[in-house]
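Structure record follows, encoded as structure tokens.
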Amino acid sequence: MVIIGNSAAGLSALEAFRNRDRDSKVIMIDREPVLAYSRTITPYFIMGGVKQEEDLFLRTKDYYKDFGVKTLFGEEALGIDMRFREVLLDSGKKEPFDLLLIATGSSPIKPKMQGAKPEGIGVLRSLADAKYLKEMKPKVKKVLFLGGGLVSLQTLQAMFTRSGQYTLVVKSDQIFSQTMDRDGAEMIENHLKKMGVQIIKGKEVVRLKGVKGSRVAILDDGQEIEADFIFAGKGVRPNIDFLRGSGIKSRNGIFVNDRMETNVEGVYAAGDVALAADFFSKENVSYGLWPSAVEQGEIAGKNMAGQKEIYPGNLRMNVTRIFAIPIASIGEVRSSKVAESLVRKDEKRNIYRKICLDEKGILIGAILINQVDDLGVLHGLIRGRKEIGALKASSIWRSPINYGFVYKNILQGKI
């Protein structure tokens with residue numbers, strides 16, 4: 001068995017496989033030359049909340065030894081030869097496999113613009129990226145962030161100092177355009193502005209030019225922004241280039257069935273690189289979330305070990321904290337599936353809660369700002385497909401004290 005990828009999906013698959021099969025030979029390949037680490041807390045490493053690089057590590061050297069894994073870290077897969085069922089490595093080695101898990105994740109998209117060199121724009125995906133940003137933080141004062149999604153906002157927070165100048169350029173008309181509605185986004189935008197962050201919406205950088213040792217970004221409307229550092233958080237692309245000619249079906253990700261198996265028998269995929277079943281539609285989608293990668297890896301590992309496990313699909317969920325304000329988005333909040341919404345907004349306390357229902361009155365999503373304690377309950381309700389139509393006419397919705405009571409009763413079918 002060969003696993004390409006030493007992160008959430010790969011580790012989860014390994015552990016699920018070894019729970020059933022302790023004897024088969026397992027080889028794990030990863031292009032990064034380090035032990036498994038948590039990508040989700042690298043912003044806190046940049047910020048200084050996580051002090052040492054070692055504190056990011058999820059596993060020790062002994063872990064791989066105890067699980068009977070041969071590790072090839074710092075080696076990259078360049079191709080898959082399905083005729084001989086071999087993984088081709090950049091070192092020139094060939095690793096044969098009977099079972100293969102592809103858990104190669106994704107890489108940041110660096111925007112192409114006139115005057116920009118890819119190496120001159122910061123991104124955050126790998127440990128090396130995090131170390132570079134941590135090193136740059138005390139050296140830069142005028143930082144331009146491209147993109148208004150989770151990665152940009154978390155990195156902005158990580159690099160923020162009171163003496164710095166920070167500008168966020170967002171092509172859409174709001175931040176968090178994929179995970180939040182306009183009202184919720186506006187509340188976070190106002191909070192960022194109070195922190196001194198300039199936000200430019202509906203624009204994008206089209207050109208960079210050098211001016212006296214600094215750089216000036218030219219927007220599509222001609223506006224100029226001086227910056228001594230530029231960070232891009234404008235999405236990711238799956239690491240699938242090495243699959244060309246393999247016969248493994250892919251298109252912006254690897255297609256898998258409900259067992260996480262590809263169109264090639266014995267070859268599985270999980271995590272950011274996989275196009276797996278959506279919880280609601282069952283269509284193949286990319287989640288790009290750590291919990292989804294863990295769950296998919298576990299399903300793949302069990303099936304590779306001979307069990308019969310079905311992946312039910314996971315909920316899209318983003319949870320973060322931006323300058324002390326907790327934010328959560330779960331399920332369907334911006335799609336055509338949302339037929340009706342319940343909203344509670346308290347601008348004085350920066351509280352915003354939106355509950356999304358489908359045409360049958362079934363809970364399918366929620367946006368929570370500054371009041372997220374019942375996120376776990378909502379997650380259970382959405383996955384359980386519980387009707388909450390009774391809430392629409394209930395004054396109990398307006399009382400935060402009763403949230404827990406209401407949700408528990410919904411869960412038990414008492415409302």
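Please note that chains go A, B, ... in the order of the structure tokens, that every chain numbers its residues from 1, and that ligands are numbered from 1 in the order shown.
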
Near-Tyr268 (chain A) list (7 Å; only C-alpha atoms; drop same-chain fewer than 6 positions) as a PyMOL selection string: chain A and resi 100-102+260-262+300

Show which residues sit within 9 Å of Val343 (chain A), as a ChimeraX atom specification. Count only C-alpha atoms, and ignore same-chain residues fewer than 3 positions away. /A:352-356

Skip Val123 (chain A) itself and residues of its chain fewer than 5 positions away, then list as a list in words all residues within 7 Å of it, counting only C-alpha atoms.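 Skipping anything fewer than 5 positions along the chain leaves Pro108, Asp129, Phe231, Ala232 and Gly233 of chain A.
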
Next, write the just-selected residues to a file, as a JSON list (two decimals), in the first residue's frame, keeping C-alpha atoms as the atom set.
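Produced file part.json, reproduced below:
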[["chain", "number", "residue", "atom", "x", "y", "z"],
["A", 108, "PRO", "CA", -2.27, 28.30, -3.56],
["A", 129, "ASP", "CA", 5.35, 29.46, 3.68],
["A", 231, "PHE", "CA", 0.03, 38.41, 0.03],
["A", 232, "ALA", "CA", -2.34, 36.40, -2.18],
["A", 233, "GLY", "CA", -5.21, 34.42, -0.70]]

Do you have the CA of Asn350 (chain A)-CA of Glu186 (chain A) distance handy?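 CA of Glu186 (chain A) lies at a distance of 10.6 Å from CA of Asn350 (chain A).
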
Quick one: residues within 9 Å of region 303-314 of chain A, only C-alpha atoms counted, chain neighbours fewer than 2 positions away excluded, as a VMD selection string? chain A and resid 1 13 16 to 21 99 to 101 257 to 261 266 to 268 276 to 280 282 287 291 to 292 295 to 296 298 to 301 316 to 317 331 383

Write the residues of the selection above to a file with N, CA and C atoms, as a short mmCIF file (atom, residue, chain, number, x, y, z; two decimals), in the first residue's frame.
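Dumped to result-v2.cif:
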data_model
loop_
_atom_site.label_atom_id
_atom_site.label_comp_id
_atom_site.auth_asym_id
_atom_site.auth_seq_id
_atom_site.Cartn_x
_atom_site.Cartn_y
_atom_site.Cartn_z
N MET A 1 0.85 -1.20 0.00
CA MET A 1 0.00 0.00 0.00
C MET A 1 0.88 1.24 0.00
N ALA A 13 -6.25 7.87 6.95
CA ALA A 13 -6.33 6.62 6.19
C ALA A 13 -5.37 5.58 6.75
N ALA A 16 -6.81 4.16 10.01
CA ALA A 16 -7.97 3.29 9.76
C ALA A 16 -7.53 1.97 9.14
N PHE A 17 -6.56 2.02 8.25
CA PHE A 17 -6.05 0.81 7.60
C PHE A 17 -5.35 -0.08 8.61
N ARG A 18 -4.51 0.51 9.44
CA ARG A 18 -3.74 -0.28 10.41
C ARG A 18 -4.63 -0.86 11.52
N ASN A 19 -5.77 -0.29 11.77
CA ASN A 19 -6.67 -0.87 12.77
C ASN A 19 -7.17 -2.25 12.35
N ARG A 20 -7.14 -2.50 11.05
CA ARG A 20 -7.59 -3.80 10.54
C ARG A 20 -6.43 -4.64 10.01
N ASP A 21 -5.45 -3.99 9.44
CA ASP A 21 -4.33 -4.69 8.80
C ASP A 21 -3.02 -4.19 9.41
N LEU A 99 -2.33 -1.20 -3.65
CA LEU A 99 -3.32 -0.21 -3.24
C LEU A 99 -2.64 1.15 -3.18
N LEU A 100 -3.35 2.20 -3.63
CA LEU A 100 -2.78 3.54 -3.64
C LEU A 100 -3.80 4.54 -3.13
N LEU A 101 -3.38 5.41 -2.22
CA LEU A 101 -4.20 6.54 -1.79
C LEU A 101 -3.52 7.82 -2.22
N ASN A 257 -15.91 7.56 -5.89
CA ASN A 257 -17.27 7.09 -5.60
C ASN A 257 -17.53 7.19 -4.10
N ASP A 258 -18.61 6.58 -3.63
CA ASP A 258 -18.96 6.73 -2.22
C ASP A 258 -18.08 5.88 -1.30
N ARG A 259 -17.11 5.17 -1.88
CA ARG A 259 -16.11 4.44 -1.09
C ARG A 259 -14.76 5.14 -1.14
N MET A 260 -14.72 6.31 -1.76
CA MET A 260 -13.52 7.11 -1.96
C MET A 260 -12.56 6.47 -2.96
N GLU A 261 -13.09 5.57 -3.81
CA GLU A 261 -12.27 4.92 -4.82
C GLU A 261 -12.42 5.64 -6.15
N GLY A 266 -8.58 -0.12 -6.89
CA GLY A 266 -7.47 -0.13 -5.95
C GLY A 266 -6.79 1.20 -5.76
N VAL A 267 -7.26 2.23 -6.48
CA VAL A 267 -6.69 3.57 -6.34
C VAL A 267 -7.74 4.48 -5.72
N TYR A 268 -7.41 5.09 -4.60
CA TYR A 268 -8.34 5.92 -3.84
C TYR A 268 -7.81 7.35 -3.76
N ALA A 276 -15.55 14.56 -3.87
CA ALA A 276 -16.37 13.57 -3.17
C ALA A 276 -17.82 14.03 -3.07
N ALA A 277 -18.66 13.15 -2.56
CA ALA A 277 -20.10 13.42 -2.51
C ALA A 277 -20.44 14.61 -1.63
N ASP A 278 -21.27 15.51 -2.18
CA ASP A 278 -21.82 16.61 -1.39
C ASP A 278 -22.92 16.05 -0.48
N PHE A 279 -23.00 16.56 0.73
CA PHE A 279 -23.97 16.04 1.70
C PHE A 279 -25.41 16.18 1.21
N PHE A 280 -25.72 17.29 0.55
CA PHE A 280 -27.09 17.55 0.12
C PHE A 280 -27.38 16.97 -1.26
N LYS A 282 -25.24 15.11 -3.33
CA LYS A 282 -24.47 13.91 -3.67
C LYS A 282 -23.64 14.09 -4.94
N TYR A 287 -14.18 19.85 -0.95
CA TYR A 287 -14.49 20.49 0.33
C TYR A 287 -13.40 21.46 0.79
N PRO A 291 -11.59 18.82 8.64
CA PRO A 291 -12.45 17.74 9.13
C PRO A 291 -12.94 16.81 8.03
N SER A 292 -13.24 17.36 6.86
CA SER A 292 -13.68 16.54 5.73
C SER A 292 -12.55 15.62 5.27
N GLU A 295 -12.29 12.71 7.68
CA GLU A 295 -13.38 11.75 7.49
C GLU A 295 -13.21 10.95 6.20
N GLN A 296 -12.83 11.64 5.13
CA GLN A 296 -12.63 10.95 3.86
C GLN A 296 -11.46 9.96 3.94
N GLU A 298 -10.40 8.40 6.58
CA GLU A 298 -10.83 7.25 7.38
C GLU A 298 -11.66 6.28 6.53
N ILE A 299 -12.59 6.81 5.73
CA ILE A 299 -13.42 5.96 4.88
C ILE A 299 -12.54 5.22 3.87
N ALA A 300 -11.60 5.94 3.26
CA ALA A 300 -10.71 5.32 2.28
C ALA A 300 -9.86 4.23 2.93
N GLY A 301 -9.30 4.52 4.09
CA GLY A 301 -8.45 3.54 4.78
C GLY A 301 -9.20 2.27 5.14
N ARG A 316 -20.15 21.63 4.53
CA ARG A 316 -19.17 22.71 4.42
C ARG A 316 -19.23 23.51 5.72
N MET A 317 -18.08 23.67 6.35
CA MET A 317 -18.07 24.39 7.62
C MET A 317 -16.77 25.15 7.77
N GLY A 331 -22.95 24.48 6.36
CA GLY A 331 -23.99 24.04 5.45
C GLY A 331 -24.24 25.01 4.31
N ARG A 383 -27.31 17.74 9.86
CA ARG A 383 -27.03 16.39 9.38
C ARG A 383 -28.22 15.46 9.64
#

What are the DSSP strand (DSSP E) residues of region 132-181 of chain A, as a list in words? Lys142, Val143, Leu144, Phe145, Leu146, Gln165, Tyr166, Thr167, Leu168, Val169 and Val170 of chain A

Record the distance separating CA of Thr167 (chain A) and CA of Val143 (chain A), expressed in Å with one decimal.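 Between CA of Thr167 (chain A) and CA of Val143 (chain A) the gap works out to 6.5 Å.
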
Write out as an MDAnalysis selection string all residues of region 209-320 of chain A that DSSP puts in helix (DSSP H, G or I) for this structure's backbone. chainID A and resid 241:243 271:273 290:304

Take the residues from that selection and write them out as a short mmCIF file (atom, residue, chain, number, x, y, z; two decimals), in the first residue's frame, keeping N, CA and C atoms.
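Result file is selection_5.cif:
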data_model
loop_
_atom_site.label_atom_id
_atom_site.label_comp_id
_atom_site.auth_asym_id
_atom_site.auth_seq_id
_atom_site.Cartn_x
_atom_site.Cartn_y
_atom_site.Cartn_z
N ASP A 241 -1.39 17.45 -11.22
CA ASP A 241 -0.65 17.49 -12.48
C ASP A 241 0.08 16.18 -12.75
N PHE A 242 0.54 15.52 -11.71
CA PHE A 242 1.32 14.29 -11.88
C PHE A 242 0.47 13.11 -12.35
N LEU A 243 -0.85 13.30 -12.43
CA LEU A 243 -1.74 12.21 -12.84
C LEU A 243 -1.92 12.14 -14.36
N GLY A 271 -9.34 13.98 0.79
CA GLY A 271 -8.87 15.31 1.17
C GLY A 271 -9.10 16.35 0.09
N ASP A 272 -8.29 17.41 0.11
CA ASP A 272 -8.50 18.54 -0.80
C ASP A 272 -8.42 18.15 -2.27
N VAL A 273 -7.71 17.07 -2.56
CA VAL A 273 -7.52 16.67 -3.95
C VAL A 273 -8.72 15.91 -4.52
N TRP A 290 -10.27 20.64 6.69
CA TRP A 290 -9.54 19.64 7.47
C TRP A 290 -10.45 18.53 8.00
N PRO A 291 -11.59 18.82 8.64
CA PRO A 291 -12.45 17.74 9.13
C PRO A 291 -12.94 16.81 8.03
N SER A 292 -13.24 17.36 6.86
CA SER A 292 -13.68 16.54 5.73
C SER A 292 -12.55 15.62 5.27
N ALA A 293 -11.33 16.15 5.25
CA ALA A 293 -10.18 15.34 4.85
C ALA A 293 -9.98 14.17 5.81
N VAL A 294 -10.13 14.44 7.10
CA VAL A 294 -10.00 13.37 8.10
C VAL A 294 -11.05 12.29 7.88
N GLU A 295 -12.29 12.71 7.68
CA GLU A 295 -13.38 11.75 7.49
C GLU A 295 -13.21 10.95 6.20
N GLN A 296 -12.83 11.64 5.13
CA GLN A 296 -12.63 10.95 3.86
C GLN A 296 -11.46 9.96 3.94
N GLY A 297 -10.39 10.38 4.60
CA GLY A 297 -9.24 9.49 4.76
C GLY A 297 -9.60 8.23 5.53
N GLU A 298 -10.40 8.40 6.58
CA GLU A 298 -10.83 7.25 7.38
C GLU A 298 -11.66 6.28 6.53
N ILE A 299 -12.59 6.81 5.73
CA ILE A 299 -13.42 5.96 4.88
C ILE A 299 -12.54 5.22 3.87
N ALA A 300 -11.60 5.94 3.26
CA ALA A 300 -10.71 5.32 2.28
C ALA A 300 -9.86 4.23 2.93
N GLY A 301 -9.30 4.52 4.09
CA GLY A 301 -8.45 3.54 4.78
C GLY A 301 -9.20 2.27 5.14
N LYS A 302 -10.43 2.42 5.60
CA LYS A 302 -11.23 1.24 5.95
C LYS A 302 -11.53 0.39 4.72
N ASN A 303 -11.88 1.04 3.63
CA ASN A 303 -12.17 0.30 2.40
C ASN A 303 -10.93 -0.36 1.82
N MET A 304 -9.79 0.29 1.95
CA MET A 304 -8.55 -0.29 1.46
C MET A 304 -8.17 -1.52 2.29
#

Which residues of region 266-364 of chain A come within 12 Å of region 187-209 of chain A, and for each one, what is the closest pair of atoms and their distance in Å to one decimal, counting only C-alpha atoms, sorted by chain and residue number, as a Markdown table?
| residue | atom | partner | partner_atom | distance |
| --- | --- | --- | --- | --- |
| A:Arg321 | CA | A:Ile188 | CA | 10.6 |
| A:Ile322 | CA | A:Ile188 | CA | 8.1 |
| A:Phe323 | CA | A:Leu192 | CA | 7.9 |
| A:Ala324 | CA | A:His191 | CA | 10.0 |
| A:Ile325 | CA | A:Ile188 | CA | 8.4 |
| A:Pro326 | CA | A:Ile188 | CA | 10.2 |
| A:Ile327 | CA | A:Ile188 | CA | 9.1 |
| A:Ala328 | CA | A:Ile188 | CA | 12.0 |
| A:Lys345 | CA | A:Met187 | CA | 9.8 |
| A:Asp346 | CA | A:Met187 | CA | 10.0 |
| A:Glu347 | CA | A:Met187 | CA | 7.7 |
| A:Lys348 | CA | A:Met187 | CA | 10.5 |
| A:Arg349 | CA | A:Met187 | CA | 10.5 |
| A:Asn350 | CA | A:Met187 | CA | 6.9 |
| A:Ile351 | CA | A:Met187 | CA | 8.6 |
| A:Tyr352 | CA | A:Met187 | CA | 8.1 |
| A:Arg353 | CA | A:Met187 | CA | 11.4 |

Å distance separating CA of Ala77 (chain A) from CA of Gly105 (chain A), one decimal place: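 The value is 12.6 Å.
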
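For region 363-367 of chain A, the list of residues within 7 Å, based on only C-alpha atoms and with local chain neighbours fewer than 2 positions off taken out, reads A:Met180, A:Ala328, A:Ser329, A:Ile330, A:Gly331, A:Glu332, A:Val333, A:Arg353, A:Lys354, A:Ile355, A:Cys356, A:Leu357, A:Asp358, A:Gly361, A:Ile369, A:Ile382, A:Arg385, A:Lys386, A:Glu387, A:Ile388.
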
Now that the selection is made, can you save its residues with C-alpha atoms as an mmCIF file, in the first residue's frame?
data_model
loop_
_atom_site.group_PDB
_atom_site.id
_atom_site.type_symbol
_atom_site.label_atom_id
_atom_site.label_comp_id
_atom_site.auth_asym_id
_atom_site.auth_seq_id
_atom_site.Cartn_x
_atom_site.Cartn_y
_atom_site.Cartn_z
ATOM 1 C CA MET A 180 -21.285 34.449 4.359
ATOM 2 C CA ALA A 328 -18.839 30.196 11.897
ATOM 3 C CA SER A 329 -20.548 29.237 8.664
ATOM 4 C CA ILE A 330 -22.020 25.785 8.170
ATOM 5 C CA GLY A 331 -23.991 24.043 5.447
ATOM 6 C CA GLU A 332 -25.867 25.870 2.686
ATOM 7 C CA VAL A 333 -26.048 29.616 3.284
ATOM 8 C CA ARG A 353 -27.173 34.779 13.530
ATOM 9 C CA LYS A 354 -28.832 33.492 10.387
ATOM 10 C CA ILE A 355 -30.597 30.129 10.167
ATOM 11 C CA CYS A 356 -31.267 28.884 6.612
ATOM 12 C CA LEU A 357 -34.160 26.585 5.699
ATOM 13 C CA ASP A 358 -35.072 24.776 2.513
ATOM 14 C CA GLY A 361 -38.658 24.108 6.407
ATOM 15 C CA ILE A 369 -21.006 35.763 14.418
ATOM 16 C CA ILE A 382 -28.453 19.870 9.805
ATOM 17 C CA ARG A 385 -32.371 16.871 8.531
ATOM 18 C CA LYS A 386 -34.697 18.182 11.256
ATOM 19 C CA GLU A 387 -37.655 20.413 10.459
ATOM 20 C CA ILE A 388 -37.726 23.661 12.417
#

Residue neighbourhood region 146-156 of chain A, 8 Å, only C-alpha atoms, exclusion window fewer than 6 positions, as a VMD selection string: chain A and resid 43 124 166 168 to 171 174 to 178 204 to 205 230 to 234 322

Identify which of the residues A:Arg344, A:Leu315, A:Gly245, A:Tyr64 lies closest to His379 (chain A), counting only C-alpha atoms when measuring atom-to-atom distances. A:Leu315

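Among the candidates A:Ile248, A:Ala185, A:Ile4, A:Ala269, the residue lying nearest to Leu88 (chain A) is A:Ile4 (atoms considered: only C-alpha atoms).
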
Which polymer residues have any atom within 10 Å of an atom of Tyr44 (chain A), counting only C-alpha atoms, with same-chain residues fewer than 3 positions away left out, as an mmCIF file with N, CA and C atoms, in the first residue's frame?
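As a result, around.cif now contains:
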data_model
loop_
_atom_site.group_PDB
_atom_site.id
_atom_site.type_symbol
_atom_site.label_atom_id
_atom_site.label_comp_id
_atom_site.auth_asym_id
_atom_site.auth_seq_id
_atom_site.Cartn_x
_atom_site.Cartn_y
_atom_site.Cartn_z
ATOM 1 N N THR A 40 -3.836 24.113 9.950
ATOM 2 C CA THR A 40 -4.868 25.023 10.451
ATOM 3 C C THR A 40 -4.345 25.997 11.505
ATOM 4 N N ILE A 41 -3.219 25.671 12.130
ATOM 5 C CA ILE A 41 -2.711 26.579 13.170
ATOM 6 C C ILE A 41 -1.443 27.316 12.745
ATOM 7 N N MET A 47 1.671 34.494 14.000
ATOM 8 C CA MET A 47 1.262 35.498 14.982
ATOM 9 C C MET A 47 2.142 35.465 16.227
ATOM 10 N N GLY A 48 2.615 34.262 16.588
ATOM 11 C CA GLY A 48 3.424 34.120 17.785
ATOM 12 C C GLY A 48 2.724 33.379 18.898
ATOM 13 N N GLY A 49 1.453 33.032 18.686
ATOM 14 C CA GLY A 49 0.715 32.270 19.697
ATOM 15 C C GLY A 49 1.240 30.849 19.839
ATOM 16 N N VAL A 50 1.688 30.279 18.724
ATOM 17 C CA VAL A 50 2.396 28.995 18.730
ATOM 18 C C VAL A 50 3.874 29.345 18.611
ATOM 19 N N LYS A 51 4.652 29.081 19.671
ATOM 20 C CA LYS A 51 6.006 29.614 19.782
ATOM 21 C C LYS A 51 7.026 28.910 18.908
ATOM 22 N N LEU A 56 3.863 22.685 16.066
ATOM 23 C CA LEU A 56 2.909 22.457 14.977
ATOM 24 C C LEU A 56 2.775 20.981 14.629
ATOM 25 N N ALA A 130 4.749 29.411 6.036
ATOM 26 C CA ALA A 130 4.494 29.989 7.359
ATOM 27 C C ALA A 130 5.778 30.560 7.959
ATOM 28 N N LYS A 134 6.430 34.481 8.877
ATOM 29 C CA LYS A 134 6.833 34.831 10.250
ATOM 30 C C LYS A 134 8.109 35.670 10.234
ATOM 31 N N GLN A 154 -7.185 35.379 7.875
ATOM 32 C CA GLN A 154 -6.381 34.774 8.945
ATOM 33 C C GLN A 154 -4.927 35.234 8.873
ATOM 34 N N THR A 155 -4.404 35.372 7.659
ATOM 35 C CA THR A 155 -3.014 35.808 7.511
ATOM 36 C C THR A 155 -2.874 37.279 7.859
ATOM 37 N N GLN A 157 -4.621 38.867 10.056
ATOM 38 C CA GLN A 157 -4.630 38.887 11.523
ATOM 39 C C GLN A 157 -3.279 38.437 12.081
ATOM 40 N N ALA A 158 -2.677 37.421 11.460
ATOM 41 C CA ALA A 158 -1.407 36.894 11.940
ATOM 42 C C ALA A 158 -0.268 37.899 11.776
ATOM 43 N N MET A 159 -0.292 38.682 10.703
ATOM 44 C CA MET A 159 0.801 39.618 10.424
ATOM 45 C C MET A 159 0.545 41.020 10.967
#
